[in-house]
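As stored in upload-v2.cif (mmCIF, C-alpha atoms):
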data_target
#
loop_
_atom_site.label_atom_id
_atom_site.label_comp_id
_atom_site.auth_asym_id
_atom_site.auth_seq_id
_atom_site.Cartn_x
_atom_site.Cartn_y
_atom_site.Cartn_z
CA MET A 1 139.55 -9.58 279.65
CA LYS A 2 139.31 -12.35 277.09
CA ILE A 3 140.39 -11.37 273.59
CA SER A 4 138.62 -12.81 270.55
CA ARG A 5 140.46 -14.88 267.95
CA GLY A 6 139.81 -12.24 265.30
CA ALA A 7 141.22 -9.46 267.50
CA ALA A 8 144.25 -11.59 268.37
CA ALA A 9 144.88 -12.25 264.67
CA LEU A 10 144.64 -8.52 263.88
CA ILE A 11 147.06 -7.60 266.67
CA LEU A 12 149.52 -10.24 265.47
CA ILE A 13 149.32 -8.95 261.88
CA LEU A 14 149.96 -5.36 262.97
CA LEU A 15 152.88 -6.33 265.22
CA ILE A 16 154.61 -8.37 262.51
CA VAL A 17 154.13 -5.71 259.82
CA ILE A 18 155.42 -2.95 262.10
CA LEU A 19 158.43 -5.03 263.22
CA ASP A 20 159.18 -6.10 259.65
CA GLN A 21 159.03 -2.55 258.28
CA ALA A 22 161.00 -1.03 261.15
CA PHE A 23 163.79 -3.59 260.69
CA LYS A 24 163.85 -3.15 256.90
CA ILE A 25 164.01 0.64 257.11
CA TRP A 26 166.77 0.45 259.71
CA VAL A 27 168.82 -1.92 257.54
CA LYS A 28 168.20 0.06 254.36
CA THR A 29 169.27 3.36 255.92
CA ASN A 30 172.26 1.99 257.86
CA PHE A 31 173.74 -0.70 255.56
CA TYR A 32 175.03 -0.26 252.05
CA LEU A 33 173.81 -2.78 249.48
CA GLY A 34 175.77 -6.01 249.89
CA GLU A 35 177.13 -5.15 253.34
CA SER A 36 177.30 -8.05 255.77
CA VAL A 37 177.81 -8.02 259.54
CA GLU A 38 178.52 -11.27 261.38
CA ILE A 39 176.53 -11.60 264.61
CA PHE A 40 177.44 -15.24 265.22
CA SER A 41 179.32 -17.75 263.08
CA TRP A 42 175.92 -19.13 262.02
CA PHE A 43 174.03 -15.82 261.69
CA GLN A 44 174.71 -12.66 259.72
CA LEU A 45 172.90 -9.49 258.76
CA ARG A 46 173.43 -9.22 255.00
CA PHE A 47 171.64 -6.44 253.13
CA ILE A 48 170.38 -7.46 249.73
CA GLU A 49 167.35 -6.50 247.65
CA ASN A 50 165.31 -8.66 245.33
CA PRO A 51 162.50 -7.99 242.84
CA GLY A 52 160.90 -11.37 243.36
CA MET A 53 159.07 -13.42 245.93
CA ALA A 54 160.14 -14.87 249.27
CA PHE A 55 163.81 -15.95 249.64
CA GLY A 56 164.76 -14.18 246.39
CA LEU A 57 162.65 -16.37 244.11
CA GLU A 58 161.24 -14.76 240.98
CA LEU A 59 157.94 -15.41 239.25
CA GLY A 60 156.76 -13.28 236.34
CA SER A 61 156.96 -9.50 236.11
CA LYS A 62 157.39 -7.15 239.06
CA LEU A 63 153.93 -5.64 238.55
CA PHE A 64 152.37 -9.11 238.45
CA LEU A 65 154.10 -10.09 241.69
CA THR A 66 152.93 -6.97 243.51
CA ILE A 67 149.34 -7.32 242.34
CA PHE A 68 149.44 -11.02 243.20
CA ARG A 69 150.52 -10.22 246.78
CA ILE A 70 147.74 -7.64 247.15
CA VAL A 71 145.12 -10.10 245.87
CA VAL A 72 146.37 -12.77 248.29
CA VAL A 73 146.14 -10.39 251.27
CA ILE A 74 142.64 -9.24 250.32
CA PHE A 75 141.45 -12.83 249.82
CA LEU A 76 142.95 -14.11 253.08
CA ALA A 77 141.68 -11.12 255.05
CA GLY A 78 138.15 -11.79 253.79
CA TYR A 79 138.57 -15.47 254.57
CA LEU A 80 139.74 -14.71 258.10
CA TRP A 81 136.81 -12.33 258.62
CA LYS A 82 134.37 -15.05 257.61
CA LEU A 83 136.19 -17.66 259.67
CA ARG A 84 135.61 -15.76 262.91
CA ARG A 85 132.07 -17.24 262.93
CA VAL A 86 133.41 -20.80 263.08
CA SER A 87 133.43 -21.67 266.77
CA LYS A 88 135.38 -24.89 266.19
CA ALA A 89 138.22 -23.23 264.28
CA PRO A 90 141.16 -23.27 266.73
CA MET A 91 143.22 -20.22 267.68
CA GLY A 92 146.28 -21.83 266.11
CA TYR A 93 144.57 -21.80 262.73
CA PHE A 94 143.84 -18.09 263.08
CA VAL A 95 147.50 -17.54 263.94
CA CYS A 96 148.64 -19.40 260.80
CA ILE A 97 146.41 -17.32 258.52
CA ALA A 98 147.46 -14.13 260.33
CA LEU A 99 151.15 -14.97 259.82
CA ILE A 100 150.65 -15.46 256.09
CA ILE A 101 148.67 -12.21 255.76
CA ALA A 102 151.26 -10.28 257.77
CA GLY A 103 154.15 -11.65 255.72
CA ALA A 104 152.53 -10.87 252.39
CA ALA A 105 151.50 -7.40 253.59
CA GLY A 106 155.02 -6.67 254.86
CA ASN A 107 156.56 -7.32 251.45
CA ILE A 108 153.77 -5.37 249.72
CA PHE A 109 154.94 -2.20 251.49
CA ASP A 110 158.41 -2.64 249.97
CA CYS A 111 157.04 -3.20 246.48
CA VAL A 112 154.52 -0.36 246.53
CA PHE A 113 156.36 2.40 248.41
CA TYR A 114 160.12 1.85 248.61
CA GLY A 115 160.77 2.73 244.98
CA GLU A 116 159.11 6.10 245.53
CA ILE A 117 160.56 7.11 248.90
CA PHE A 118 164.17 5.84 248.78
CA ASN A 119 167.10 6.65 246.52
CA ASP A 120 169.42 3.92 245.26
CA PRO A 121 173.03 4.95 245.89
CA MET A 122 176.08 2.98 244.91
CA PRO A 123 177.94 1.21 247.75
CA PRO A 124 179.41 2.17 250.18
CA HIS A 125 176.75 4.89 250.47
CA VAL A 126 173.49 4.01 252.23
CA ALA A 127 169.98 4.79 251.04
CA GLN A 128 168.14 7.90 252.20
CA PHE A 129 164.54 9.03 252.19
CA VAL A 130 163.66 11.28 249.25
CA PRO A 131 160.53 13.29 248.37
CA TRP A 132 157.73 11.21 246.86
CA GLY A 133 158.37 10.56 243.18
CA GLU A 134 162.15 11.10 243.33
CA GLY A 135 163.01 7.54 244.26
CA TYR A 136 164.64 4.78 242.25
CA ALA A 137 161.40 3.29 240.83
CA GLY A 138 157.69 3.91 240.45
CA VAL A 139 154.76 2.63 242.48
CA PHE A 140 154.51 -1.20 242.49
CA HIS A 141 158.13 -1.54 241.36
CA GLY A 142 160.06 -1.25 244.62
CA LYS A 143 162.52 -3.94 245.65
CA VAL A 144 162.05 -6.17 248.70
CA VAL A 145 164.66 -5.72 251.45
CA ASP A 146 166.23 -8.92 252.82
CA MET A 147 168.79 -9.20 255.58
CA LEU A 148 168.58 -12.43 257.61
CA TYR A 149 171.26 -14.93 256.63
CA PHE A 150 171.89 -18.23 258.43
CA PRO A 151 174.95 -20.09 257.05
CA LEU A 152 174.45 -22.94 259.50
CA PHE A 153 177.01 -25.32 258.04
CA SER A 154 178.90 -26.18 254.87
CA PHE A 155 180.93 -29.04 253.46
CA GLN A 156 182.66 -30.07 250.26
CA TRP A 157 181.24 -32.88 248.20
CA PRO A 158 183.68 -35.75 247.56
CA SER A 159 185.16 -35.67 244.08
CA TRP A 160 183.52 -38.99 243.19
CA VAL A 161 179.96 -37.67 243.62
CA PRO A 162 178.46 -37.23 240.11
CA GLY A 163 177.55 -33.67 239.13
CA VAL A 164 178.56 -31.95 242.36
CA GLY A 165 181.93 -33.55 243.15
CA GLY A 166 184.41 -31.01 244.52
CA GLN A 167 181.76 -28.33 244.99
CA THR A 168 180.93 -26.69 248.31
CA PHE A 169 177.47 -27.18 249.76
CA SER A 170 176.22 -24.51 252.14
CA PHE A 171 173.08 -24.63 254.29
CA PHE A 172 171.13 -22.32 254.56
CA ASP A 173 172.01 -19.93 251.66
CA PRO A 174 168.85 -17.86 251.01
CA VAL A 175 168.72 -14.39 252.58
CA PHE A 176 165.25 -13.46 253.81
CA ASN A 177 163.31 -11.05 256.02
CA ILE A 178 160.80 -11.18 258.88
CA ALA A 179 157.88 -11.16 256.44
CA ASP A 180 159.28 -14.18 254.59
CA ALA A 181 159.75 -15.99 257.90
CA ALA A 182 156.15 -15.25 258.91
CA ILE A 183 154.83 -16.66 255.63
CA SER A 184 156.98 -19.79 255.91
CA VAL A 185 156.08 -20.51 259.54
CA GLY A 186 152.39 -19.91 258.82
CA MET A 187 152.36 -22.17 255.77
CA ILE A 188 154.32 -25.02 257.38
CA ALA A 189 152.20 -25.00 260.54
CA LEU A 190 149.05 -24.77 258.43
CA LEU A 191 149.95 -27.84 256.39
CA LEU A 192 151.18 -29.86 259.38
CA PHE A 193 148.42 -29.16 261.89
CA TYR A 194 145.41 -27.47 260.27
CA SER A 195 145.11 -28.77 256.72
CA LYS A 196 141.48 -29.84 257.19
CA TYR A 197 140.41 -26.23 257.78
CA VAL A 198 141.85 -25.03 254.46
CA MET A 199 138.67 -26.22 252.76
CA VAL A 200 136.49 -23.75 254.70
CA MET A 201 135.79 -21.32 251.88
CA SER A 202 132.07 -20.85 251.36
CA ASP A 203 129.33 -20.03 253.89
CA ALA A 204 128.00 -23.57 253.43
CA ASP A 205 131.37 -25.03 254.35
CA VAL A 206 131.57 -22.78 257.42
CA ASP A 207 128.22 -24.06 258.63
CA LYS A 208 129.28 -27.66 258.06
CA ILE A 209 132.43 -27.38 260.14
CA ASP A 210 130.74 -25.35 262.86
CA HIS A 211 128.03 -27.98 263.24
CA GLY A 212 130.36 -30.94 262.85
CA LYS A 213 128.85 -32.13 259.55
#
Kindly present the structure from the file in structure tokens form.
Amino acid sequence: MKISRGAAALILILLIVILDQAFKIWVKTNFYLGESVEIFSWFQLRFIENPGMAFGLELGSKLFLTIFRIVVVIFLAGYLWKLRRVSKAPMGYFVCIALIIAGAAGNIFDCVFYGEIFNDPMPPHVAQFVPWGEGYAGVFHGKVVDMLYFPLFSFQWPSWVPGVGGQTFSFFDPVFNIADAAISVGMIALLLFYSKYVMVMSDADVDKIDHGK
């Protein structure tokens, strides 16, 4: 049975959100904040939390960030729904949009619910579920759980290099989660391979692309 592009995108979104949330909840309830476990020399599970955007970046207030994520998901979901009528839009483009929606939605769950359903113990204690309203923060103010850390390599700058001489450079320092990875992969693939479809916004534009105008 052939599956439609829209159905495939929906399945991908659900799978990523479920995997992202399951991994976050497992880390949050089994690791204390700041705990790190080395899997390989180049890969660690390191539990941190951040109030900002992907890879620990911050932009504006927590409430603004949460509402911004929700608006992005609603907009992209509507866009994807409209795009299903475009016969020439490739499956890969649907996958890119689905990855971005899934990543944003995954982090929305943290922001909206985690503050209400988890406590916030001091290390080395791990977080536990609590009754609604007894958590560490209100609705829209939960922290995003990150855990994937890839310290691939590091080196020390020569002392003669201006500004950074003698300092250690490490790649890749940001700690992120599955949702962040989904957003990044979707955005990079979108820009590299499907940038021309980004302009399909209105019904008129949809008709133009579908008819090759």
Problem set entry | Which residue of A:Tyr114, A:Phe193, A:Trp160, A:Phe140 approaches A:Phe64 most closely, using all atoms listed in the file | A:Phe140
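Of the residues under consideration (A:Ile97, A:Asn107, A:Glu116, A:Pro121), A:Ile97 shows the shortest atom-to-atom contact distance to A:Val185 when counting all atoms listed in the file.
Closest to A:Val72 among A:Ala9, A:Ala137, A:Ile108, A:Val95 is A:Ile108, based on only C-alpha atoms.
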Problem set entry | stretch 99-103 of chain A environment, 8 Å, all atoms listed in the file, sequence neighbours closer than 5 positions dropped, as JSON, numbers by chain | {"A": [12, 13, 14, 16, 17, 72, 73, 76, 77, 178, 179, 180, 181, 182, 183, 184, 185, 186, 187]}
For this session: Name the residues in contact with A:Phe75 at a cut-off of 12 Å, using only C-alpha atoms, excluding same-chain residues fewer than 3 positions from it; report them as a list of chain:residue names.
Result: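 Using only C-alpha atoms, the neighbours found are A:Phe68, A:Arg69, A:Ile70, A:Val71, A:Val72, A:Gly78, A:Tyr79, A:Leu80, A:Trp81, A:Lys82, A:Ile97, A:Ile100, A:Ile101, A:Ala104, A:Met201.
Matched in the shown structure by the PyMOL selection byres ((chain A and resi 115) around 8): Asp110, Cys111, Val112, Phe113, Tyr114, Glu116, Ile117, Phe118, Asn119, Gly135, Tyr136, Ala137, Gly138, Val139, Phe140, His141, Gly142 and Lys143 of chain A.
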For this session: Might you pull out every residue within 9 Å of A:Glu35, with all atoms listed in the file counted and same-chain residues fewer than 4 positions away left off, and present them as an NGL selection string?
Result: :A and (31 or 45-48 or 123-124)
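Compared by their closest atoms to A:Arg85, and using only C-alpha atoms, the residues A:Ser195, A:Gly165, A:Gln21, A:Arg5 rank with A:Arg5 nearest.
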For this session: Please indicate the distance in Å from atom CA of A:Leu148 to atom CA of A:Pro51, rounded to one decimal place.
Result: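 Atom-to-atom, atom CA of A:Leu148 to atom CA of A:Pro51, that is 16.6 Å.
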Exercise. Care to translate the PyMOL selection byres ((chain A and resi 28) around 10) into actual residues of this file, as a list in words?
Worked result: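 Evaluating the PyMOL selection byres ((chain A and resi 28) around 10) on these coordinates yields Ala22, Phe23, Lys24, Ile25, Trp26, Val27, Thr29, Asn30, Phe31, Tyr32, Leu33, Phe47, Ile48, Glu49, Phe118, Asp120, Val126, Ala127, Gln128, Phe129, Val145, Asp146 and Met147 of chain A.
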Could you write out the selected residues, including C-alpha atoms, as a PDB file, in the frame of the given file?
ATOM      1  CA  ALA A  22     161.000  -1.030 261.150  1.00  0.00           C
ATOM      2  CA  PHE A  23     163.790  -3.590 260.690  1.00  0.00           C
ATOM      3  CA  LYS A  24     163.850  -3.150 256.900  1.00  0.00           C
ATOM      4  CA  ILE A  25     164.010   0.640 257.110  1.00  0.00           C
ATOM      5  CA  TRP A  26     166.770   0.450 259.710  1.00  0.00           C
ATOM      6  CA  VAL A  27     168.820  -1.920 257.540  1.00  0.00           C
ATOM      7  CA  THR A  29     169.270   3.360 255.920  1.00  0.00           C
ATOM      8  CA  ASN A  30     172.260   1.990 257.860  1.00  0.00           C
ATOM      9  CA  PHE A  31     173.740  -0.700 255.560  1.00  0.00           C
ATOM     10  CA  TYR A  32     175.030  -0.260 252.050  1.00  0.00           C
ATOM     11  CA  LEU A  33     173.810  -2.780 249.480  1.00  0.00           C
ATOM     12  CA  PHE A  47     171.640  -6.440 253.130  1.00  0.00           C
ATOM     13  CA  ILE A  48     170.380  -7.460 249.730  1.00  0.00           C
ATOM     14  CA  GLU A  49     167.350  -6.500 247.650  1.00  0.00           C
ATOM     15  CA  PHE A 118     164.170   5.840 248.780  1.00  0.00           C
ATOM     16  CA  ASP A 120     169.420   3.920 245.260  1.00  0.00           C
ATOM     17  CA  VAL A 126     173.490   4.010 252.230  1.00  0.00           C
ATOM     18  CA  ALA A 127     169.980   4.790 251.040  1.00  0.00           C
ATOM     19  CA  GLN A 128     168.140   7.900 252.200  1.00  0.00           C
ATOM     20  CA  PHE A 129     164.540   9.030 252.190  1.00  0.00           C
ATOM     21  CA  VAL A 145     164.660  -5.720 251.450  1.00  0.00           C
ATOM     22  CA  ASP A 146     166.230  -8.920 252.820  1.00  0.00           C
ATOM     23  CA  MET A 147     168.790  -9.200 255.580  1.00  0.00           C
TER      24      MET A 147
END
Problem set entry | Between atom CA of A:Ile188 and atom CA of A:Cys96, distance in Å (one decimal) | 8.7 Å
